[in-house]
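Structure below is model.cif: mmCIF, C-alpha atoms and all ligand atoms.
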```
data_structure
#
loop_
_atom_site.label_atom_id
_atom_site.label_comp_id
_atom_site.auth_asym_id
_atom_site.auth_seq_id
_atom_site.Cartn_x
_atom_site.Cartn_y
_atom_site.Cartn_z
CA MET D 33 71.43 76.67 -42.22
CA THR D 34 75.08 77.38 -41.50
CA SER D 35 75.64 79.37 -38.32
CA LYS D 36 77.38 82.66 -38.71
CA PRO D 37 81.06 82.26 -37.79
CA TYR D 38 80.73 84.94 -35.13
CA LEU D 39 78.07 82.83 -33.38
CA THR D 40 80.14 79.63 -33.26
CA GLY D 41 83.29 78.28 -31.65
CA HIS D 42 85.08 80.79 -29.45
CA TYR D 43 82.51 83.38 -30.49
CA THR D 44 79.42 81.43 -29.38
CA PRO D 45 77.36 83.84 -27.27
CA VAL D 46 76.30 82.97 -23.74
CA THR D 47 72.56 82.88 -23.14
CA ASP D 48 72.14 84.40 -19.71
CA GLU D 49 73.50 86.70 -17.03
CA ILE D 50 75.10 85.05 -14.01
CA THR D 51 77.01 85.98 -10.86
CA ALA D 52 79.48 83.62 -9.20
CA THR D 53 81.44 84.34 -6.04
CA GLY D 54 84.53 82.87 -4.42
CA LEU D 55 86.38 81.84 -7.58
CA THR D 56 89.10 79.20 -7.48
CA VAL D 57 92.61 80.60 -7.83
CA GLU D 58 95.77 78.66 -8.68
CA GLY D 59 99.05 80.33 -7.79
CA ASN D 60 99.41 83.50 -5.80
CA LEU D 61 97.21 86.36 -6.87
CA PRO D 62 99.14 89.58 -6.12
CA PRO D 63 97.25 91.57 -3.45
CA GLU D 64 98.03 94.77 -5.31
CA LEU D 65 95.67 93.58 -8.06
CA THR D 66 92.63 94.93 -6.29
CA GLY D 67 89.98 96.07 -8.72
CA ARG D 68 88.04 94.71 -11.66
CA LEU D 69 88.99 93.38 -15.07
CA ILE D 70 86.04 94.27 -17.27
CA ARG D 71 85.79 93.19 -20.87
CA ASN D 72 83.22 93.78 -23.56
CA SER D 73 82.00 91.63 -26.42
CA HIS D 74 79.22 91.26 -28.94
CA ASN D 75 76.75 88.78 -27.49
CA PRO D 76 73.35 88.83 -29.20
CA LYS D 77 70.40 87.57 -27.20
CA PRO D 78 69.26 83.99 -27.90
CA GLY D 79 67.38 83.78 -31.19
CA ILE D 80 68.93 86.96 -32.58
CA THR D 81 71.29 86.70 -35.58
CA PRO D 82 72.78 90.09 -36.34
CA ALA D 83 73.71 90.80 -39.95
CA HIS D 84 77.17 91.91 -38.86
CA TRP D 85 79.33 90.71 -35.97
CA PHE D 86 79.61 94.29 -34.73
CA LYS D 87 75.81 94.64 -34.55
CA GLY D 88 75.56 92.07 -31.76
CA SER D 89 74.45 93.50 -28.43
CA GLY D 90 77.21 94.30 -25.98
CA MET D 91 77.81 92.16 -22.94
CA VAL D 92 80.36 92.97 -20.26
CA HIS D 93 82.16 90.31 -18.26
CA GLY D 94 83.81 91.31 -15.00
CA ILE D 95 86.19 89.61 -12.61
CA ARG D 96 86.58 91.24 -9.23
CA LEU D 97 89.90 90.80 -7.40
CA ARG D 98 90.61 91.94 -3.88
CA GLU D 99 93.81 91.49 -1.89
CA GLY D 100 94.72 88.09 -3.26
CA ARG D 101 91.21 86.74 -3.70
CA ALA D 102 88.97 86.48 -6.76
CA GLU D 103 85.70 87.65 -5.28
CA TRP D 104 83.35 87.36 -8.21
CA TYR D 105 82.67 86.89 -11.87
CA ARG D 106 79.58 88.37 -13.43
CA ASN D 107 78.32 89.05 -16.92
CA ARG D 108 75.65 91.53 -17.94
CA TRP D 109 74.24 92.74 -21.19
CA VAL D 110 74.49 96.49 -21.55
CA HIS D 111 70.79 97.30 -21.34
CA THR D 112 70.38 99.84 -24.11
CA PRO D 113 67.27 100.49 -26.21
CA ALA D 114 68.96 98.48 -28.99
CA LEU D 115 69.04 95.38 -26.77
CA ASP D 116 65.24 95.55 -26.83
CA GLY D 117 65.16 96.07 -30.58
CA ALA D 118 65.14 99.87 -30.93
CA PRO D 119 66.50 100.85 -34.35
CA TYR D 120 69.54 103.08 -34.78
CA MET D 121 68.01 105.02 -37.65
CA THR D 122 64.74 106.78 -36.91
CA ASP D 123 62.57 109.34 -38.71
CA LYS D 124 64.48 112.02 -36.83
CA GLY D 125 67.95 110.63 -37.66
CA PRO D 126 70.25 108.37 -35.69
CA ASP D 127 69.22 107.48 -32.14
CA LEU D 128 72.55 107.77 -30.36
CA THR D 129 71.18 105.79 -27.42
CA ALA D 130 70.32 102.77 -29.63
CA SER D 131 73.77 101.33 -29.08
CA THR D 132 75.22 97.85 -29.05
CA ALA D 133 77.66 99.30 -26.48
CA GLY D 134 79.75 96.24 -27.26
CA THR D 135 83.21 97.49 -28.24
CA HIS D 136 85.08 98.69 -25.17
CA VAL D 137 84.66 99.61 -21.53
CA ILE D 138 86.67 102.29 -19.74
CA GLU D 139 86.63 104.26 -16.52
CA HIS D 140 87.00 108.02 -16.51
CA GLY D 141 86.06 110.63 -13.95
CA GLY D 142 84.63 107.93 -11.69
CA ARG D 143 82.26 106.66 -14.37
CA LEU D 144 82.38 103.22 -15.94
CA LEU D 145 81.43 103.58 -19.61
CA ALA D 146 80.60 100.95 -22.22
CA LEU D 147 81.43 102.27 -25.67
CA CYS D 148 80.47 101.87 -29.32
CA GLU D 149 81.76 104.38 -31.84
CA SER D 150 78.42 105.22 -33.47
CA ASN D 151 76.66 106.05 -30.20
CA LEU D 152 76.77 107.77 -26.85
CA PRO D 153 78.60 105.95 -24.04
CA PHE D 154 76.55 103.88 -21.61
CA GLU D 155 77.27 104.23 -17.92
CA LEU D 156 77.47 101.08 -15.78
CA THR D 157 77.56 100.55 -12.04
CA ALA D 158 80.54 98.93 -10.35
CA ASP D 159 78.51 95.70 -10.45
CA LEU D 160 77.96 96.08 -14.21
CA GLU D 161 74.30 97.05 -14.07
CA THR D 162 73.28 99.62 -16.67
CA VAL D 163 72.66 103.20 -15.52
CA GLY D 164 71.91 104.70 -18.94
CA ALA D 165 73.31 106.76 -21.79
CA TYR D 166 75.89 109.33 -20.71
CA ASP D 167 76.39 112.60 -22.60
CA PHE D 168 78.88 114.41 -20.36
CA GLY D 169 76.16 116.57 -18.83
CA GLY D 170 74.73 117.49 -22.21
CA LYS D 171 78.08 118.51 -23.70
CA LEU D 172 78.31 115.51 -26.04
CA THR D 173 75.70 115.72 -28.78
CA SER D 174 77.43 113.32 -31.15
CA ALA D 175 78.79 109.79 -31.02
CA MET D 176 82.00 108.96 -29.16
CA THR D 177 84.86 106.78 -30.32
CA ALA D 178 85.30 103.45 -28.54
CA HIS D 179 89.03 104.24 -28.25
CA PRO D 180 89.47 107.37 -26.12
CA LYS D 181 92.98 108.09 -24.89
CA GLU D 182 93.83 109.26 -21.40
CA ASP D 183 96.98 111.35 -21.21
CA PRO D 184 99.06 109.89 -18.36
CA ALA D 185 100.62 113.27 -17.61
CA THR D 186 97.46 115.39 -17.42
CA GLY D 187 94.74 112.81 -16.77
CA GLU D 188 92.72 114.40 -19.56
CA LEU D 189 90.63 112.19 -21.79
CA HIS D 190 90.94 112.78 -25.53
CA PHE D 191 88.24 111.38 -27.78
CA PHE D 192 86.58 112.05 -31.09
CA ALA D 193 83.29 111.79 -32.89
CA SER D 194 83.39 110.49 -36.44
CA SER D 195 80.43 110.74 -38.79
CA PRO D 196 79.79 109.86 -42.43
CA PHE D 197 78.17 113.30 -42.76
CA PRO D 198 79.57 116.76 -41.98
CA PRO D 199 80.99 117.53 -39.56
CA PHE D 200 83.05 114.41 -40.27
CA LEU D 201 85.34 114.69 -37.28
CA ILE D 202 85.12 116.45 -33.92
CA HIS D 203 87.87 116.22 -31.31
CA HIS D 204 86.99 116.54 -27.64
CA VAL D 205 89.02 116.81 -24.44
CA ALA D 206 87.56 116.06 -21.02
CA SER D 207 89.14 116.93 -17.68
CA PRO D 208 90.19 114.19 -15.26
CA ASP D 209 86.84 114.56 -13.51
CA GLY D 210 84.92 114.19 -16.76
CA GLN D 211 84.07 117.80 -17.70
CA VAL D 212 84.29 118.53 -21.43
CA LEU D 213 86.94 121.25 -21.72
CA GLN D 214 87.29 121.60 -25.45
CA SER D 215 85.52 120.52 -28.64
CA GLN D 216 86.93 121.30 -32.08
CA GLU D 217 85.72 120.38 -35.53
CA VAL D 218 88.71 119.07 -37.49
CA PRO D 219 88.95 120.51 -41.01
CA GLY D 220 89.88 118.35 -43.97
CA ALA D 221 88.46 115.10 -42.63
CA SER D 222 86.31 112.91 -44.84
CA ALA D 223 83.71 110.18 -44.43
CA ALA D 224 86.48 107.57 -44.10
CA LEU D 225 86.04 105.08 -41.28
CA LYS D 226 87.94 106.18 -38.19
CA HIS D 227 88.03 103.56 -35.43
CA ASP D 228 91.09 104.47 -33.37
CA PHE D 229 93.43 107.43 -33.04
CA ALA D 230 96.46 108.42 -30.99
CA ILE D 231 97.90 111.26 -28.97
CA THR D 232 101.46 112.41 -28.37
CA GLU D 233 102.74 115.00 -25.93
CA HIS D 234 101.88 117.85 -28.30
CA TYR D 235 99.69 116.36 -31.05
CA VAL D 236 96.57 114.38 -31.84
CA VAL D 237 96.94 111.83 -34.65
CA PHE D 238 94.06 110.64 -36.82
CA LEU D 239 94.08 107.91 -39.45
CA GLU D 240 91.84 107.80 -42.49
CA GLY D 241 92.40 104.50 -44.26
CA SER D 242 91.05 103.06 -47.50
CA VAL D 243 87.63 102.26 -46.00
CA THR D 244 84.82 104.74 -46.29
CA PHE D 245 81.08 105.28 -46.00
CA ASP D 246 79.08 103.20 -48.49
CA MET D 247 75.29 103.36 -48.43
CA SER D 248 75.08 100.25 -50.63
CA GLU D 249 76.48 98.12 -47.77
CA HIS D 250 73.42 96.71 -46.01
CA SER D 251 74.90 94.79 -43.10
CA GLY D 252 74.15 97.61 -40.70
CA ILE D 253 77.74 98.85 -40.83
CA PRO D 254 77.71 101.02 -43.99
CA TYR D 255 81.39 101.02 -44.88
CA SER D 256 83.50 99.33 -47.53
CA TRP D 257 86.98 99.37 -49.02
CA SER D 258 87.46 102.01 -51.71
CA ASP D 259 90.52 102.32 -53.93
CA SER D 260 89.58 105.92 -54.55
CA GLN D 261 89.56 106.81 -50.87
CA GLU D 262 92.91 108.44 -50.13
CA ALA D 263 94.63 106.98 -47.08
CA ARG D 264 95.91 109.77 -44.84
CA ILE D 265 97.30 110.60 -41.45
CA GLY D 266 96.10 113.81 -39.84
CA VAL D 267 98.30 115.57 -37.29
CA MET D 268 96.69 118.25 -35.16
CA PRO D 269 98.41 120.30 -32.46
CA ARG D 270 96.81 119.82 -29.08
CA GLY D 271 95.13 122.73 -27.38
CA ALA D 272 92.89 125.62 -28.35
CA GLY D 273 93.08 126.49 -32.03
CA GLY D 274 94.88 123.28 -32.88
CA ALA D 275 92.24 122.22 -35.38
CA ASP D 276 93.05 125.23 -37.56
CA LYS D 277 96.60 123.89 -37.89
CA VAL D 278 95.78 120.25 -38.70
CA ARG D 279 97.86 118.79 -41.53
CA TRP D 280 96.93 115.73 -43.55
CA PHE D 281 99.59 113.48 -45.12
CA ASP D 282 99.03 110.85 -47.78
CA ILE D 283 100.06 107.31 -46.87
CA LEU D 284 99.92 104.00 -48.71
CA PRO D 285 96.51 102.36 -49.14
CA GLY D 286 95.48 100.19 -46.20
CA TYR D 287 93.34 100.16 -43.12
CA GLY D 288 94.67 100.38 -39.59
CA MET D 289 92.05 99.30 -37.11
CA HIS D 290 94.14 100.06 -34.02
CA PHE D 291 97.18 102.06 -33.00
CA ALA D 292 99.59 100.60 -30.47
CA ASN D 293 100.85 104.06 -29.59
CA ALA D 294 102.29 107.27 -30.98
CA TYR D 295 105.05 109.54 -29.73
CA GLU D 296 107.45 112.31 -30.73
CA ASP D 297 111.00 111.09 -31.30
CA ALA D 298 114.22 112.94 -30.46
CA ASN D 299 114.03 114.79 -33.79
CA GLY D 300 110.45 115.89 -33.24
CA ARG D 301 109.07 113.43 -35.75
CA ILE D 302 105.81 111.72 -34.91
CA VAL D 303 106.04 107.94 -34.81
CA VAL D 304 102.84 105.91 -35.04
CA GLU D 305 102.57 102.10 -34.99
CA GLY D 306 99.72 99.70 -35.42
CA PRO D 307 98.46 96.64 -37.30
CA THR D 308 97.21 97.33 -40.81
CA VAL D 309 95.43 95.29 -43.45
CA GLY D 310 95.49 95.55 -47.22
CA ARG D 311 92.49 95.27 -49.49
CA GLU D 312 92.39 91.45 -49.52
CA GLY D 313 92.78 91.18 -45.77
CA TRP D 314 90.07 93.75 -45.24
CA GLN D 315 87.74 91.89 -47.57
CA ARG D 316 88.43 88.55 -45.88
CA SER D 317 87.74 90.12 -42.50
CA TRP D 318 84.60 91.80 -43.75
CA ASN D 319 83.31 88.56 -45.24
CA TRP D 320 83.73 86.89 -41.86
CA TRP D 321 82.17 89.80 -40.01
CA VAL D 322 79.03 89.63 -42.19
CA GLY D 323 78.87 85.86 -41.86
CA ALA D 324 79.67 84.86 -45.41
CA PRO D 325 79.49 81.08 -45.80
CA ASP D 326 82.50 78.80 -46.09
CA ARG D 327 84.75 80.98 -44.03
CA GLY D 328 87.06 79.55 -41.43
CA ALA D 329 87.04 79.97 -37.69
CA GLU D 330 88.52 83.43 -38.19
CA PRO D 331 89.46 85.62 -41.12
CA ASN D 332 92.96 85.37 -42.50
CA SER D 333 93.52 89.10 -42.39
CA ARG D 334 97.33 89.17 -42.61
CA SER D 335 97.15 92.22 -40.39
CA ARG D 336 100.77 93.35 -40.07
CA THR D 337 102.25 96.01 -37.85
CA ARG D 338 103.32 99.17 -39.65
CA ARG D 339 105.24 102.20 -38.53
CA TRP D 340 104.52 105.64 -39.89
CA THR D 341 107.06 108.37 -39.18
CA VAL D 342 105.69 111.84 -39.85
CA ASP D 343 108.31 114.54 -40.44
CA LEU D 344 106.43 117.78 -39.97
CA THR D 345 109.39 119.89 -41.06
CA ALA D 346 110.03 118.04 -44.30
CA GLY D 347 106.32 117.49 -44.84
CA ARG D 348 106.51 113.80 -45.56
CA VAL D 349 105.75 110.40 -44.08
CA GLU D 350 107.97 107.34 -44.13
CA GLU D 351 106.28 104.00 -43.57
CA GLU D 352 107.37 100.43 -43.20
CA GLN D 353 106.14 97.04 -42.06
CA ILE D 354 108.00 96.21 -38.88
CA ASP D 355 106.87 92.65 -38.13
CA ASP D 356 105.69 89.61 -40.05
CA LEU D 357 103.11 88.17 -37.65
CA THR D 358 99.38 88.53 -38.18
CA VAL D 359 98.48 90.52 -35.09
CA GLU D 360 95.69 92.58 -33.63
CA PHE D 361 94.72 94.04 -30.27
CA PRO D 362 97.99 95.92 -29.64
CA THR D 363 98.46 97.12 -26.05
CA ILE D 364 101.14 98.89 -24.02
CA ASN D 365 101.79 100.04 -20.48
CA GLU D 366 99.37 102.97 -20.69
CA ALA D 367 101.63 105.09 -18.51
CA TYR D 368 103.50 105.49 -21.82
CA THR D 369 100.52 106.60 -23.89
CA GLY D 370 101.81 109.35 -26.17
CA ARG D 371 105.41 108.82 -25.06
CA GLU D 372 108.04 106.52 -26.54
CA HIS D 373 107.38 103.01 -25.36
CA ARG D 374 109.83 100.15 -25.32
CA TYR D 375 107.41 97.26 -24.97
CA GLN D 376 104.30 96.39 -26.89
CA TYR D 377 101.94 93.42 -26.56
CA ALA D 378 99.55 91.91 -29.10
CA LEU D 379 97.52 88.85 -29.96
CA SER D 380 98.73 86.89 -32.97
CA PHE D 381 96.19 85.00 -35.05
CA PRO D 382 96.83 81.84 -37.07
CA ASP D 383 97.34 82.59 -40.74
CA ASP D 384 98.39 80.83 -43.90
CA LEU D 385 102.00 81.90 -43.54
CA GLY D 386 103.01 81.77 -39.90
CA ILE D 387 102.01 80.39 -36.56
CA GLY D 388 99.24 77.84 -36.17
CA ASN D 389 97.74 78.79 -32.83
CA HIS D 390 96.64 81.96 -31.15
CA THR D 391 99.68 83.40 -29.45
CA LEU D 392 100.35 86.29 -27.13
CA VAL D 393 103.30 88.36 -28.28
CA LYS D 394 105.61 90.75 -26.49
CA TYR D 395 107.82 93.05 -28.52
CA ASP D 396 110.94 94.72 -27.17
CA ARG D 397 111.33 97.64 -29.56
CA ARG D 398 114.82 98.46 -28.26
CA THR D 399 116.42 95.04 -28.76
CA GLY D 400 114.09 93.78 -31.47
CA VAL D 401 113.41 90.63 -29.46
CA ARG D 402 109.96 89.12 -29.94
CA GLN D 403 108.68 86.76 -27.26
CA LEU D 404 105.81 84.38 -28.05
CA LEU D 405 103.42 82.66 -25.67
CA PRO D 406 101.30 80.09 -27.51
CA VAL D 407 98.29 79.12 -25.43
CA GLY D 408 97.56 75.77 -27.08
CA ASN D 409 95.02 74.19 -29.39
CA GLY D 410 91.43 75.28 -28.92
CA GLN D 411 92.33 78.24 -26.74
CA LEU D 412 91.84 81.90 -27.55
CA PRO D 413 93.21 84.57 -25.22
CA SER D 414 91.69 88.01 -25.13
CA GLU D 415 93.58 91.24 -25.72
CA ALA D 416 96.27 91.44 -23.02
CA VAL D 417 95.77 94.31 -20.59
CA PHE D 418 98.93 95.55 -18.88
CA VAL D 419 98.82 96.49 -15.19
CA GLN D 420 101.89 98.13 -13.71
CA ALA D 421 103.27 96.56 -10.52
CA ALA D 422 103.12 98.72 -7.42
CA GLY D 423 106.17 100.96 -7.17
CA ALA D 424 107.54 99.72 -10.48
CA THR D 425 109.95 101.80 -12.49
CA ASP D 426 110.72 99.38 -15.33
CA GLU D 427 108.22 99.73 -18.14
CA ASP D 428 107.41 96.01 -18.27
CA ALA D 429 107.34 95.41 -14.51
CA GLY D 430 103.77 94.32 -14.07
CA TYR D 431 101.12 91.90 -15.16
CA LEU D 432 99.32 90.98 -18.33
CA LEU D 433 95.70 90.07 -17.75
CA THR D 434 93.90 87.93 -20.30
CA VAL D 435 90.77 85.79 -20.36
CA VAL D 436 91.15 82.54 -22.30
CA SER D 437 88.27 80.83 -24.09
CA ASP D 438 88.98 77.09 -23.95
CA LEU D 439 86.90 75.11 -26.40
CA ASN D 440 88.40 71.79 -25.29
CA ALA D 441 87.18 72.16 -21.72
CA ASN D 442 84.20 74.38 -22.63
CA ALA D 443 85.50 76.69 -19.92
CA SER D 444 87.46 79.86 -19.38
CA LYS D 445 90.19 81.07 -17.13
CA MET D 446 91.74 84.41 -16.42
CA LEU D 447 95.53 84.40 -16.57
CA VAL D 448 97.73 86.78 -14.63
CA LEU D 449 101.04 86.72 -16.50
CA ASP D 450 104.40 88.20 -15.59
CA ALA D 451 104.72 90.86 -18.27
CA SER D 452 108.49 91.00 -17.87
CA ASP D 453 108.88 87.39 -19.05
CA LEU D 454 106.18 85.46 -20.88
CA SER D 455 108.20 82.23 -20.65
CA VAL D 456 107.57 81.74 -16.94
CA PRO D 457 104.37 80.06 -15.70
CA PRO D 458 101.39 82.31 -14.95
CA VAL D 459 101.57 84.17 -11.67
CA ALA D 460 97.98 83.10 -11.07
CA THR D 461 95.13 81.37 -12.87
CA ILE D 462 91.53 82.15 -11.98
CA HIS D 463 88.99 79.54 -12.99
CA LEU D 464 85.79 81.11 -14.26
CA PRO D 465 82.38 79.49 -13.86
CA ARG D 466 81.63 79.43 -17.59
CA ARG D 467 83.24 79.70 -20.98
CA VAL D 468 83.57 83.39 -21.76
CA PRO D 469 83.24 84.15 -25.47
CA ALA D 470 86.00 85.80 -27.47
CA MET D 471 86.00 89.44 -26.59
CA ILE D 472 86.83 92.78 -28.12
CA HIS D 473 88.32 95.33 -25.71
CA GLY D 474 88.40 95.91 -21.98
CA SER D 475 90.16 97.56 -19.07
CA TRP D 476 91.58 96.94 -15.66
CA ILE D 477 89.82 99.29 -13.24
CA PRO D 478 91.85 99.50 -10.03
CA ASP D 479 89.93 100.46 -6.90
CA THR D 480 92.14 103.52 -6.75
CA ALA D 481 90.50 104.78 -9.96
CA ALA D 482 87.15 105.34 -8.28
FE FE P 1 88.76 98.54 -31.46
#
```

Output the structure of this file as structure tokens.
Ligand SMILES: [Fe+2]
Amino acid sequence: MTSKPYLTGHYTPVTDEITATGLTVEGNLPPELTGRLIRNSHNPKPGITPAHWFKGSGMVHGIRLREGRAEWYRNRWVHTPALDGAPYMTDKGPDLTASTAGTHVIEHGGRLLALCESNLPFELTADLETVGAYDFGGKLTSAMTAHPKEDPATGELHFFASSPFPPFLIHHVASPDGQVLQSQEVPGASAALKHDFAITEHYVVFLEGSVTFDMSEHSGIPYSWSDSQEARIGVMPRGAGGADKVRWFDILPGYGMHFANAYEDANGRIVVEGPTVGREGWQRSWNWWVGAPDRGAEPNSRSRTRRWTVDLTAGRVEEEQIDDLTVEFPTINEAYTGREHRYQYALSFPDDLGIGNHTLVKYDRRTGVRQLLPVGNGQLPSEAVFVQAAGATDEDAGYLLTVVSDLNANASKMLVLDASDLSVPPVATIHLPRRVPAMIHGSWIPDTAA
């Protein structure tokens, strides 16, 4: 029997939980990088073959840095009821605690949370042990997106709950210390799949692409492409009563999995950017995600970065493709979340048109310069997480943190890159005690965040 592509190569799960201390470091690890890089991935237990990549149980991998040393690496499954086989659908409806918890991990209000968009968050200890499902003190009675956004100016956490059944979309805001301040049902939303969203200084931006709820899809993720599903951007003023003023704008068919950022430009227009796939790219990705035979090491999604510019006064949206690389996992300096950013980072995937190896990319949106860092054959870097250098004022003064799966050496390393110039050698390389599988999303949690 052919192994599912998401259980082979870079995606091969690890079979146990380990802790290793005193990691070997090449180069000079900046002392200011004191905290933990924590990343999440789908890592089913041995003997389990999920019907969809995204149904694999979540496993977090952490690397603890302190004042120039790499103190430990550890990996832990997120111990949810689903890890022990509890079903998501029950006689009483969805069990929001039966989560893979395998999409993202963030810190907010002093809590470390592993996220999956169809479930409640799962709280973890600083050492990655599972505490349990977290519902914001009973205030969250629905699922929570895996892509919340923290406003750098207010420290508030914006997030949403999306459901295939009414209410389709609820927007929440939590205070910096994790108290839910506001919850609003958003009118006009549909059952379209909503994975990510964005905030600006004054607005919340939702995307409904051409992928919607489909009960005939039996992989465990009941969504599929639909030509009859209108693709739309929803723009909602922030604050109390904002939901009553939400406006939805038609856009071209497509599906945007992630937003790099959104902001209001000098003319008050809302600019949103992120990689987007068309119908064929979505279908190729989906086929890979459900383990269809005869697929390559990764889907050829041709996921290209688009820009949508929403003119609220004129009531229209302009959109354009702004780059020709197949990219995903867009990141920025999150101090610019919701504000105009100059630099954006992404991971480029090999495709039938362009580059042949996985490549980290840095975009300078002001000059149009695109800098590429190929990592070599058999090597897959994770999403690059930006960490601002202490006292920095330049937007790209800082570090990019990535964990590389190296199939050649059957090993992994964490790279600390100079974000201001990807052409210079890594600032530091941390050798990890095992090959870490390809991962989804993660965060740098500085000690100052606790
Ligand atoms: Fe995501």

Check your understanding: When the cut-off is 7 Å and you count only C-alpha atoms and all ligand atoms, which residues lie near ligand FE 1 (chain P), shown as a list in words?
Key -> Thr135, Ala178, His179, His227, Asp228, Met289, His290, Ile472 and His473 of chain D

Review point. What is the atom CA of D:Thr345 to atom CA of D:Phe229 distance in Å?
Key: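 Between atom CA of D:Thr345 and atom CA of D:Phe229 the gap is 21.8 Å.
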
Review point. Please, which residues are within 12 Å of (102.2, 78.9, -16.2) by the file's coordinates, counting only C-alpha atoms, and could they come as a PyMOL selection string?
Key: chain D and resi 58-60+405-407+446-450+453-462

Please produce a file of those selected residues containing C-alpha atoms, as a PDB file, keeping the file's coordinate frame.
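New file again_12.pdb:
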```
ATOM      1  CA  GLU D  58      95.770  78.660  -8.680  1.00  0.00           C
ATOM      2  CA  GLY D  59      99.050  80.330  -7.790  1.00  0.00           C
ATOM      3  CA  ASN D  60      99.410  83.500  -5.800  1.00  0.00           C
ATOM      4  CA  LEU D 405     103.420  82.660 -25.670  1.00  0.00           C
ATOM      5  CA  PRO D 406     101.300  80.090 -27.510  1.00  0.00           C
ATOM      6  CA  VAL D 407      98.290  79.120 -25.430  1.00  0.00           C
ATOM      7  CA  MET D 446      91.740  84.410 -16.420  1.00  0.00           C
ATOM      8  CA  LEU D 447      95.530  84.400 -16.570  1.00  0.00           C
ATOM      9  CA  VAL D 448      97.730  86.780 -14.630  1.00  0.00           C
ATOM     10  CA  LEU D 449     101.040  86.720 -16.500  1.00  0.00           C
ATOM     11  CA  ASP D 450     104.400  88.200 -15.590  1.00  0.00           C
ATOM     12  CA  ASP D 453     108.880  87.390 -19.050  1.00  0.00           C
ATOM     13  CA  LEU D 454     106.180  85.460 -20.880  1.00  0.00           C
ATOM     14  CA  SER D 455     108.200  82.230 -20.650  1.00  0.00           C
ATOM     15  CA  VAL D 456     107.570  81.740 -16.940  1.00  0.00           C
ATOM     16  CA  PRO D 457     104.370  80.060 -15.700  1.00  0.00           C
ATOM     17  CA  PRO D 458     101.390  82.310 -14.950  1.00  0.00           C
ATOM     18  CA  VAL D 459     101.570  84.170 -11.670  1.00  0.00           C
ATOM     19  CA  ALA D 460      97.980  83.100 -11.070  1.00  0.00           C
ATOM     20  CA  THR D 461      95.130  81.370 -12.870  1.00  0.00           C
ATOM     21  CA  ILE D 462      91.530  82.150 -11.980  1.00  0.00           C
TER      22      ILE D 462
END
```

Practice item. Would you mind listing what lies within 6 Å of stretch 313-317 of chain D as number ranges by chain, with only C-alpha atoms counted and same-chain residues fewer than 2 positions away left out? Key: D: 309-311, 319-320, 331, 333-334

Kindly save the residues from that selection, with C-alpha atoms included, as a PDB file, in the frame of the given file.
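To be explicit, this is the file written out as part.pdb:
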```pdb
ATOM      1  CA  VAL D 309      95.430  95.290 -43.450  1.00  0.00           C
ATOM      2  CA  GLY D 310      95.490  95.550 -47.220  1.00  0.00           C
ATOM      3  CA  ARG D 311      92.490  95.270 -49.490  1.00  0.00           C
ATOM      4  CA  ASN D 319      83.310  88.560 -45.240  1.00  0.00           C
ATOM      5  CA  TRP D 320      83.730  86.890 -41.860  1.00  0.00           C
ATOM      6  CA  PRO D 331      89.460  85.620 -41.120  1.00  0.00           C
ATOM      7  CA  SER D 333      93.520  89.100 -42.390  1.00  0.00           C
ATOM      8  CA  ARG D 334      97.330  89.170 -42.610  1.00  0.00           C
TER       9      ARG D 334
END
```

Review point. Leaving out D:Gly241 and any residue of its chain fewer than 6 positions from it, which residues lie within 9 Å of it when counting all atoms listed in the file, given as a PyMOL selection string?
Key: chain D and resi 224-226+257+261-265+283-289

Selection above as a file: C-alpha atoms, as a tab-separated table (two decimals), in the coordinates of the input:
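Contents of the output file out01.tsv:
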```
chain	number	residue	atom	x	y	z
D	224	ALA	CA	86.48	107.57	-44.10
D	225	LEU	CA	86.04	105.08	-41.28
D	226	LYS	CA	87.94	106.18	-38.19
D	257	TRP	CA	86.98	99.37	-49.02
D	261	GLN	CA	89.56	106.81	-50.87
D	262	GLU	CA	92.91	108.44	-50.13
D	263	ALA	CA	94.63	106.98	-47.08
D	264	ARG	CA	95.91	109.77	-44.84
D	265	ILE	CA	97.30	110.60	-41.45
D	283	ILE	CA	100.06	107.31	-46.87
D	284	LEU	CA	99.92	104.00	-48.71
D	285	PRO	CA	96.51	102.36	-49.14
D	286	GLY	CA	95.48	100.19	-46.20
D	287	TYR	CA	93.34	100.16	-43.12
D	288	GLY	CA	94.67	100.38	-39.59
D	289	MET	CA	92.05	99.30	-37.11
```

Exercise for review: Find, counting all atoms listed in the file, the residue in D:Gly41, D:Pro362, D:Pro382, D:Pro78 that gets nearest to D:Val417.
Suggested key: D:Pro362

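Residues in contact range of D:Gly90, defined as at most 10 Å between all atoms listed in the file, with sequence neighbours fewer than 5 positions away removed, read Asn72, Ser73, His74, Asn75, Pro76, Lys77, Arg108, Trp109, Val110, His111, Thr112, Ala114, Leu115, Ser131, Thr132, Ala133, Gly134, Thr135, His136, Ala146, Leu147, Cys148 and Ile472 of chain D.
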
Check your understanding: Which residues, written as a ChimeraX atom specification, have at least one atom at most 7 Å from stretch 162-166 of chain D, with all atoms listed in the file counted and residues fewer than 4 positions away on the same chain left out?
Key -> /D:110-111,129,152-157

Check your understanding: So how far away is atom CA of D:Thr358 from atom CA of D:Gly474, in Å?
Key -> 20.9 Å
